[in-house]
Structures are given as C-alpha cells and as structure tokens.
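Below is coords_27.csv, holding CSV, C-alpha atoms and all ligand atoms.
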```csv
chain,number,residue,atom,x,y,z
A,1,MET,CA,2.9,-14.6,8.1
A,2,SER,CA,1.5,-11.1,8.1
A,3,ILE,CA,0.7,-8.5,5.5
A,4,LEU,CA,0.2,-4.8,6.2
A,5,ILE,CA,-1.9,-2.7,3.8
A,6,ILE,CA,-1.1,1.0,4.0
A,7,ASN,CA,-3.2,3.7,2.5
A,8,GLY,CA,-2.0,7.3,2.3
A,9,PRO,CA,-3.7,10.7,2.1
A,10,ASN,CA,-7.3,11.0,1.0
A,11,LEU,CA,-7.9,7.3,0.7
A,12,ASN,CA,-10.1,7.5,3.7
A,13,LEU,CA,-12.5,9.3,1.4
A,14,LEU,CA,-12.9,6.3,-0.9
A,15,GLY,CA,-16.5,5.8,-2.0
A,16,THR,CA,-17.2,9.5,-2.1
A,17,ARG,CA,-14.0,10.8,-3.5
A,18,GLU,CA,-14.1,11.3,-7.3
A,19,PRO,CA,-16.1,8.0,-7.8
A,20,ALA,CA,-15.6,8.2,-11.6
A,21,ILE,CA,-11.9,7.6,-10.9
A,22,TYR,CA,-11.8,5.7,-7.7
A,23,GLY,CA,-15.1,3.8,-7.7
A,24,HIS,CA,-17.9,3.4,-5.1
A,25,GLU,CA,-16.3,1.0,-2.6
A,26,THR,CA,-15.3,2.5,0.7
A,27,LEU,CA,-12.0,2.0,2.4
A,28,SER,CA,-13.7,-0.4,4.9
A,29,ASP,CA,-15.1,-2.4,2.1
A,30,VAL,CA,-11.6,-2.7,0.5
A,31,GLU,CA,-10.0,-3.6,3.9
A,32,ASN,CA,-12.6,-6.2,4.8
A,33,THR,CA,-12.3,-7.9,1.5
A,34,ALA,CA,-8.5,-8.0,1.7
A,35,LYS,CA,-8.7,-9.4,5.3
A,36,SER,CA,-11.0,-12.2,4.3
A,37,LEU,CA,-8.9,-13.0,1.2
A,38,ALA,CA,-5.7,-13.1,3.3
A,39,SER,CA,-7.4,-15.3,5.9
A,40,SER,CA,-8.5,-17.7,3.1
A,41,HIS,CA,-4.8,-18.0,2.3
A,42,GLY,CA,-4.0,-18.6,6.0
A,43,LEU,CA,-2.4,-15.2,6.4
A,44,SER,CA,-3.1,-12.4,8.8
A,45,LEU,CA,-3.6,-8.9,7.5
A,46,GLU,CA,-3.4,-5.5,9.2
A,47,THR,CA,-4.5,-2.2,7.8
A,48,PHE,CA,-3.4,1.4,8.3
A,49,GLN,CA,-4.5,4.6,6.7
A,50,SER,CA,-3.2,8.1,7.4
A,51,ASN,CA,-3.2,11.5,5.8
A,52,HIS,CA,0.1,12.2,7.5
A,53,GLU,CA,3.4,11.3,5.9
A,54,GLY,CA,5.2,11.0,9.3
A,55,ALA,CA,2.5,8.7,10.7
A,56,ILE,CA,2.9,6.4,7.7
A,57,ILE,CA,6.7,6.4,8.1
A,58,ASP,CA,6.3,5.6,11.9
A,59,ARG,CA,3.9,2.7,11.0
A,60,ILE,CA,6.5,1.3,8.5
A,61,HIS,CA,9.2,1.5,11.2
A,62,GLU,CA,6.9,-0.2,13.7
A,63,ALA,CA,6.2,-3.0,11.2
A,64,ALA,CA,9.9,-3.8,11.4
A,65,GLY,CA,10.2,-3.4,15.1
A,66,PHE,CA,11.9,0.0,15.0
A,67,GLY,CA,11.1,3.3,16.8
A,68,PRO,CA,9.4,4.2,20.0
A,69,GLN,CA,6.5,1.7,19.5
A,70,GLY,CA,8.8,-0.9,18.2
A,71,ASP,CA,10.0,-4.0,20.1
A,72,GLY,CA,12.9,-5.0,17.9
A,73,GLN,CA,10.8,-7.8,16.3
A,74,ARG,CA,9.6,-7.7,12.7
A,75,HIS,CA,5.8,-8.2,12.7
A,76,ILE,CA,5.1,-7.8,9.0
A,77,ASP,CA,6.4,-9.8,6.2
A,78,TRP,CA,5.0,-7.9,3.2
A,79,ILE,CA,3.6,-4.4,2.7
A,80,ILE,CA,1.0,-3.5,0.2
A,81,ILE,CA,0.9,0.3,-0.1
A,82,ASN,CA,-1.2,2.8,-1.9
A,83,PRO,CA,0.7,6.0,-1.0
A,84,GLY,CA,-1.8,8.3,-2.7
A,85,ALA,CA,-0.2,11.6,-3.6
A,86,LEU,CA,2.9,10.8,-1.5
A,87,THR,CA,3.8,8.4,-4.4
A,88,HIS,CA,4.8,11.4,-6.4
A,89,THR,CA,6.5,13.5,-3.7
A,90,SER,CA,7.9,11.6,-0.9
A,91,VAL,CA,11.6,10.7,-0.6
A,92,GLY,CA,11.0,10.1,3.1
A,93,LEU,CA,8.5,7.3,2.3
A,94,ARG,CA,10.9,5.8,-0.1
A,95,ASP,CA,13.7,5.9,2.5
A,96,ALA,CA,11.5,4.4,5.1
A,97,LEU,CA,10.5,1.4,2.9
A,98,ASN,CA,14.2,0.9,1.9
A,99,GLY,CA,15.3,1.3,5.5
A,100,VAL,CA,13.2,-1.6,6.8
A,101,SER,CA,13.8,-3.9,3.9
A,102,ILE,CA,10.2,-5.3,4.0
A,103,PRO,CA,9.2,-6.3,0.4
A,104,PHE,CA,6.3,-4.2,-0.9
A,105,VAL,CA,3.8,-3.9,-3.6
A,106,GLU,CA,2.8,-0.5,-4.8
A,107,CYS,CA,-0.9,-0.4,-5.6
A,108,HIS,CA,-2.9,2.4,-7.3
A,109,ILE,CA,-6.6,2.2,-8.0
A,110,SER,CA,-6.4,4.4,-11.1
A,111,ASN,CA,-4.0,4.0,-14.0
A,112,VAL,CA,-1.7,6.9,-13.0
A,113,HIS,CA,0.0,6.7,-16.4
A,114,THR,CA,-3.1,7.9,-18.2
A,115,ARG,CA,-3.6,10.9,-15.9
A,116,GLU,CA,-1.7,14.1,-15.3
A,117,GLU,CA,2.0,14.0,-16.0
A,118,PHE,CA,3.0,14.6,-12.4
A,119,ARG,CA,1.3,11.3,-11.6
A,120,HIS,CA,3.6,9.4,-13.9
A,121,LYS,CA,6.6,9.7,-11.6
A,122,SER,CA,6.8,7.5,-8.5
A,123,PHE,CA,9.5,7.6,-5.8
A,124,LEU,CA,8.7,4.0,-5.0
A,125,SER,CA,8.3,2.0,-8.2
A,126,ASP,CA,11.9,1.1,-8.8
A,127,LYS,CA,12.1,-0.4,-5.3
A,128,ALA,CA,8.7,-2.2,-5.3
A,129,VAL,CA,8.5,-5.9,-6.0
A,130,ALA,CA,5.5,-5.2,-8.2
A,131,VAL,CA,3.4,-2.2,-9.2
A,132,ILE,CA,-0.4,-2.4,-9.8
A,133,ALA,CA,-2.3,0.5,-11.4
A,134,GLY,CA,-5.7,0.8,-13.0
A,135,LEU,CA,-7.4,-2.4,-11.7
A,136,GLY,CA,-9.7,-0.3,-9.5
A,137,THR,CA,-10.1,-1.5,-6.0
A,138,PHE,CA,-9.6,-5.0,-7.3
A,139,GLY,CA,-5.9,-4.1,-7.4
A,140,TYR,CA,-5.8,-4.7,-3.6
A,141,GLU,CA,-7.2,-8.2,-4.0
A,142,ALA,CA,-4.7,-8.9,-6.9
A,143,ALA,CA,-1.9,-7.7,-4.6
A,144,VAL,CA,-3.0,-10.0,-1.7
A,145,ASN,CA,-3.1,-13.0,-4.1
A,146,PHE,CA,0.3,-12.1,-5.5
A,147,VAL,CA,1.8,-11.8,-2.0
A,148,ALA,CA,0.2,-15.1,-0.9
A,149,ARG,CA,1.7,-16.8,-3.8
A,150,LYS,CA,5.1,-15.4,-3.1
A,151,ILE,CA,4.9,-16.4,0.6
A,152,LYS,CA,3.8,-20.0,-0.4
A,153,ALA,CA,6.8,-20.1,-2.7
A,154,GLY,CA,9.0,-19.1,0.2
A,155,LYS,CA,10.0,-15.8,-1.4
B,201,LIG,C1,-3.7,7.0,-6.4
B,201,LIG,C2,-3.2,7.9,-7.5
B,201,LIG,C3,-2.5,9.1,-6.9
B,201,LIG,O1,-2.0,9.9,-8.0
B,201,LIG,C4,-3.4,9.9,-6.2
B,201,LIG,O2,-2.8,11.1,-5.6
B,201,LIG,C5,-4.2,9.2,-5.1
B,201,LIG,C6,-4.6,7.8,-5.4
B,201,LIG,C7,-4.6,5.8,-6.9
B,201,LIG,O3,-4.9,4.9,-6.1
B,201,LIG,O4,-4.9,5.8,-8.1
B,201,LIG,O5,-4.5,9.7,-4.0
B,201,LIG,O6,-2.6,6.5,-5.6
```
Entire entry expressed as structure tokens:
Amino acid sequence: MSILIINGPNLNLLGTREPAIYGHETLSDVENTAKSLASSHGLSLETFQSNHEGAIIDRIHEAAGFGPQGDGQRHIDWIIINPGALTHTSVGLRDALNGVSIPFVECHISNVHTREEFRHKSFLSDKAVAVIAGLGTFGYEAAVNFVARKIKAGK
C-alpha cells in the first residue's frame, strides 16, 4: 500500500520561510521522517512538491493512473496534502481530488484558523477524511500514523 505526500506552493522553502510560523525543519527533513515512519508501518511513501497548480493536478491524476503519464492503474491508496495557499483558492485542486476518489488528509503546519480570515476557508476540508492544522511539521507524522491505522483496519 502506498501513500503520496503532496506539498503545494512555497513549501519548498520550509526551514527558511517564516520560521516563527512554519518552524526550522526543511521539506527534506519532513519527507525523510515521513518515509521512515511509513516504512516502519510496512507502507511505501512517495513525495511531491510543486509551486504550480497544474503540476499538482497532473500528479494527482497520475496517482490514479489517469493522464498522459498514467497507465490506468492506481498507484496510490492515500494522499496527504498540504496545498499551501491553493487550499484557499483552488476549485481545480478540489475537483482533481474528487475526480480520482483517492481518500486524503489535508494537513497544515500552522493553525490556519488563528490566522488571517482568508485562511479560514478551505476548498478541500469538506471532502477530506481528516484535517490537521497547527501541529507544526509533526502534523505530517500524525497524518502518516492515522493513514497507517486506517489501512490496517482495511478502510
Ligand atoms: C499552510 C497554510 C496556508 O494558509 C499557507 O498559504 C501555506 C501553508 C500551512 O501549512 O500552515 O502555504 O498550508
């Protein structure tokens, strides 16, 4: 069973970007920790980051075997996604996730609900199996553990 972690715009800057909000861990730190954790659960984990909405949508399609890179086979059983700013703007991302029917966890490093009002609205939350916000980068580990538990339970 496979998990895909997707990070959206500006999350490549983790570690140097607004550390008071997002912490000091880099995206590689986060991805490596998530990979070892998944492997301790006997799961494989792929990662993808892009600053481009269309590239993220293409990656989601590919996970389900659709599109030019797709082979008709679903490769990914669960998605953990931190869509960054696209959370608050992207109907296209919402449609892509709904279109492939891969269950997903929406994960935010910061507690978006204590921040500017425009961050309170998410185009994804009502379709997510779970939403994590405000746990810092530990949120990705929490998400992997949650997904592992769901997979073990056969859900
Ligand atoms: C974020 C919160 C978003 O509002 C913001 O645009 C981000 C990161 C988070 O992880 O807390 O880029 O998704």
Report the closest atom pair, with its distance in Å rounded to one decimal, for each residue of chain A that has an atom no farther than 12 Å from ligand LIG 201 (chain B); count all atoms listed in the file, sort by chain and then rising residue number, and write it as a Markdown table.
```
| residue | atom | partner | partner_atom | distance |
| --- | --- | --- | --- | --- |
| A:Ile6 | CA | B:LIG201 | O6 | 11.2 |
| A:Asn7 | CA | B:LIG201 | O6 | 8.6 |
| A:Gly8 | CA | B:LIG201 | O5 | 7.2 |
| A:Pro9 | CA | B:LIG201 | O5 | 6.2 |
| A:Asn10 | CA | B:LIG201 | O5 | 5.9 |
| A:Leu11 | CA | B:LIG201 | O5 | 6.3 |
| A:Asn12 | CA | B:LIG201 | O5 | 9.8 |
| A:Leu13 | CA | B:LIG201 | O5 | 9.7 |
| A:Leu14 | CA | B:LIG201 | C6 | 9.6 |
| A:Arg17 | CA | B:LIG201 | O5 | 9.6 |
| A:Glu18 | CA | B:LIG201 | O5 | 10.3 |
| A:Pro19 | CA | B:LIG201 | O4 | 11.4 |
| A:Ala20 | CA | B:LIG201 | O4 | 11.5 |
| A:Ile21 | CA | B:LIG201 | O4 | 7.8 |
| A:Tyr22 | CA | B:LIG201 | O4 | 6.9 |
| A:Gly23 | CA | B:LIG201 | O3 | 10.4 |
| A:Leu27 | CA | B:LIG201 | O3 | 11.4 |
| A:Gln49 | CA | B:LIG201 | O5 | 11.9 |
| A:Ser50 | CA | B:LIG201 | O5 | 11.6 |
| A:Asn51 | CA | B:LIG201 | O5 | 10.0 |
| A:Ile81 | CA | B:LIG201 | O6 | 9.0 |
| A:Asn82 | CA | B:LIG201 | O6 | 5.4 |
| A:Pro83 | CA | B:LIG201 | O6 | 5.7 |
| A:Gly84 | CA | B:LIG201 | O5 | 3.3 |
| A:Ala85 | CA | B:LIG201 | O2 | 3.3 |
| A:Leu86 | CA | B:LIG201 | O2 | 7.0 |
| A:Thr87 | CA | B:LIG201 | O6 | 6.8 |
| A:His88 | CA | B:LIG201 | O1 | 7.1 |
| A:Thr89 | CA | B:LIG201 | O2 | 9.8 |
| A:Ser90 | CA | B:LIG201 | O2 | 11.7 |
| A:Glu106 | CA | B:LIG201 | O6 | 8.9 |
| A:Cys107 | CA | B:LIG201 | O3 | 6.7 |
| A:His108 | CA | B:LIG201 | O3 | 3.4 |
| A:Ile109 | CA | B:LIG201 | O3 | 3.7 |
| A:Ser110 | CA | B:LIG201 | O4 | 3.6 |
| A:Asn111 | CA | B:LIG201 | O4 | 6.2 |
| A:Val112 | CA | B:LIG201 | C2 | 5.8 |
| A:His113 | CA | B:LIG201 | O1 | 9.2 |
| A:Thr114 | CA | B:LIG201 | O1 | 10.5 |
| A:Arg115 | CA | B:LIG201 | O1 | 8.1 |
| A:Glu116 | CA | B:LIG201 | O1 | 8.4 |
| A:Glu117 | CA | B:LIG201 | O1 | 9.8 |
| A:Phe118 | CA | B:LIG201 | O1 | 8.2 |
| A:Arg119 | CA | B:LIG201 | O1 | 5.1 |
| A:His120 | CA | B:LIG201 | O1 | 8.1 |
| A:Lys121 | CA | B:LIG201 | O1 | 9.3 |
| A:Ser122 | CA | B:LIG201 | O1 | 9.1 |
| A:Phe123 | CA | B:LIG201 | O1 | 11.9 |
| A:Leu124 | CA | B:LIG201 | O6 | 11.6 |
| A:Val131 | CA | B:LIG201 | O6 | 11.2 |
| A:Ile132 | CA | B:LIG201 | O3 | 9.3 |
| A:Ala133 | CA | B:LIG201 | O4 | 6.8 |
| A:Gly134 | CA | B:LIG201 | O4 | 7.0 |
| A:Leu135 | CA | B:LIG201 | O4 | 9.3 |
| A:Gly136 | CA | B:LIG201 | O3 | 7.9 |
| A:Thr137 | CA | B:LIG201 | O3 | 8.2 |
| A:Phe138 | CA | B:LIG201 | O3 | 11.0 |
| A:Gly139 | CA | B:LIG201 | O3 | 9.1 |
| A:Tyr140 | CA | B:LIG201 | O3 | 10.0 |
```
field: Proximity to Glu53 in chain A - best of A:Ala128, A:Ala96, A:Val147, A:Leu4, all atoms listed in the file
entry: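 Among the listed residues, the smallest separation from Glu53 in chain A belongs to A:Ala96.
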query: CA of His41 in chain A to CA of Ala148 in chain A: how many Å, to one decimal?
result: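 Straight-line distance from CA of His41 in chain A to CA of Ala148 in chain A works out to 6.6 Å.
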task: State, in Å with one decimal place, the distance from CA of Gly99 in chain A to CA of Lys35 in chain A.
output: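 Answer for the CA of Gly99 in chain A to CA of Lys35 in chain A separation: 26.3 Å.
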- prompt: Between A:Ala153, A:Ala34, A:Ile79, A:Leu93, which has the minimum distance to Ala130 in chain A (counting all atoms listed in the file)?
  reply: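 Selected residue with least distance to Ala130 in chain A: A:Ile79.
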message: Between CA of Gly15 in chain A and CA of Ala55 in chain A, what is the distance in Å, rounded to a tenth?
response: 23.0 Å
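Shortest atom-to-atom contact with Val105 in chain A among A:Val144, A:Leu45, A:Ile80, A:Ile56: A:Ile80, counting all atoms listed in the file.
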- request: Considering all atoms listed in the file, state which residue in the set A:Ile76, A:Ala143, A:Leu97, A:Val30 is at the smallest distance from Ser125 in chain A.
  value: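 Counting all atoms listed in the file, the residue closest to Ser125 in chain A is A:Leu97.
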task: Name the residues in contact with Leu43 in chain A at a cut-off of 8 Å, using all atoms listed in the file, excluding same-chain residues fewer than 6 positions from it; report them as a list in words.
output: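 Listed by chain and then number, they are Met1, Ser2, Ile3 and Ala148 of chain A.
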message: Taking only C-alpha atoms into account, name the residue in A:Ile151, A:Phe48, A:His24, A:Gly42 that is nearest to Asp77 in chain A.
response: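 Of the candidates, the smallest distance to Asp77 in chain A is held by A:Ile151.
Residue nearest Ile60 in chain A within the list A:Ala38, A:Asn145, A:Asp29, A:Thr47: A:Thr47 [criterion: smallest interatomic distance, all atoms listed in the file].
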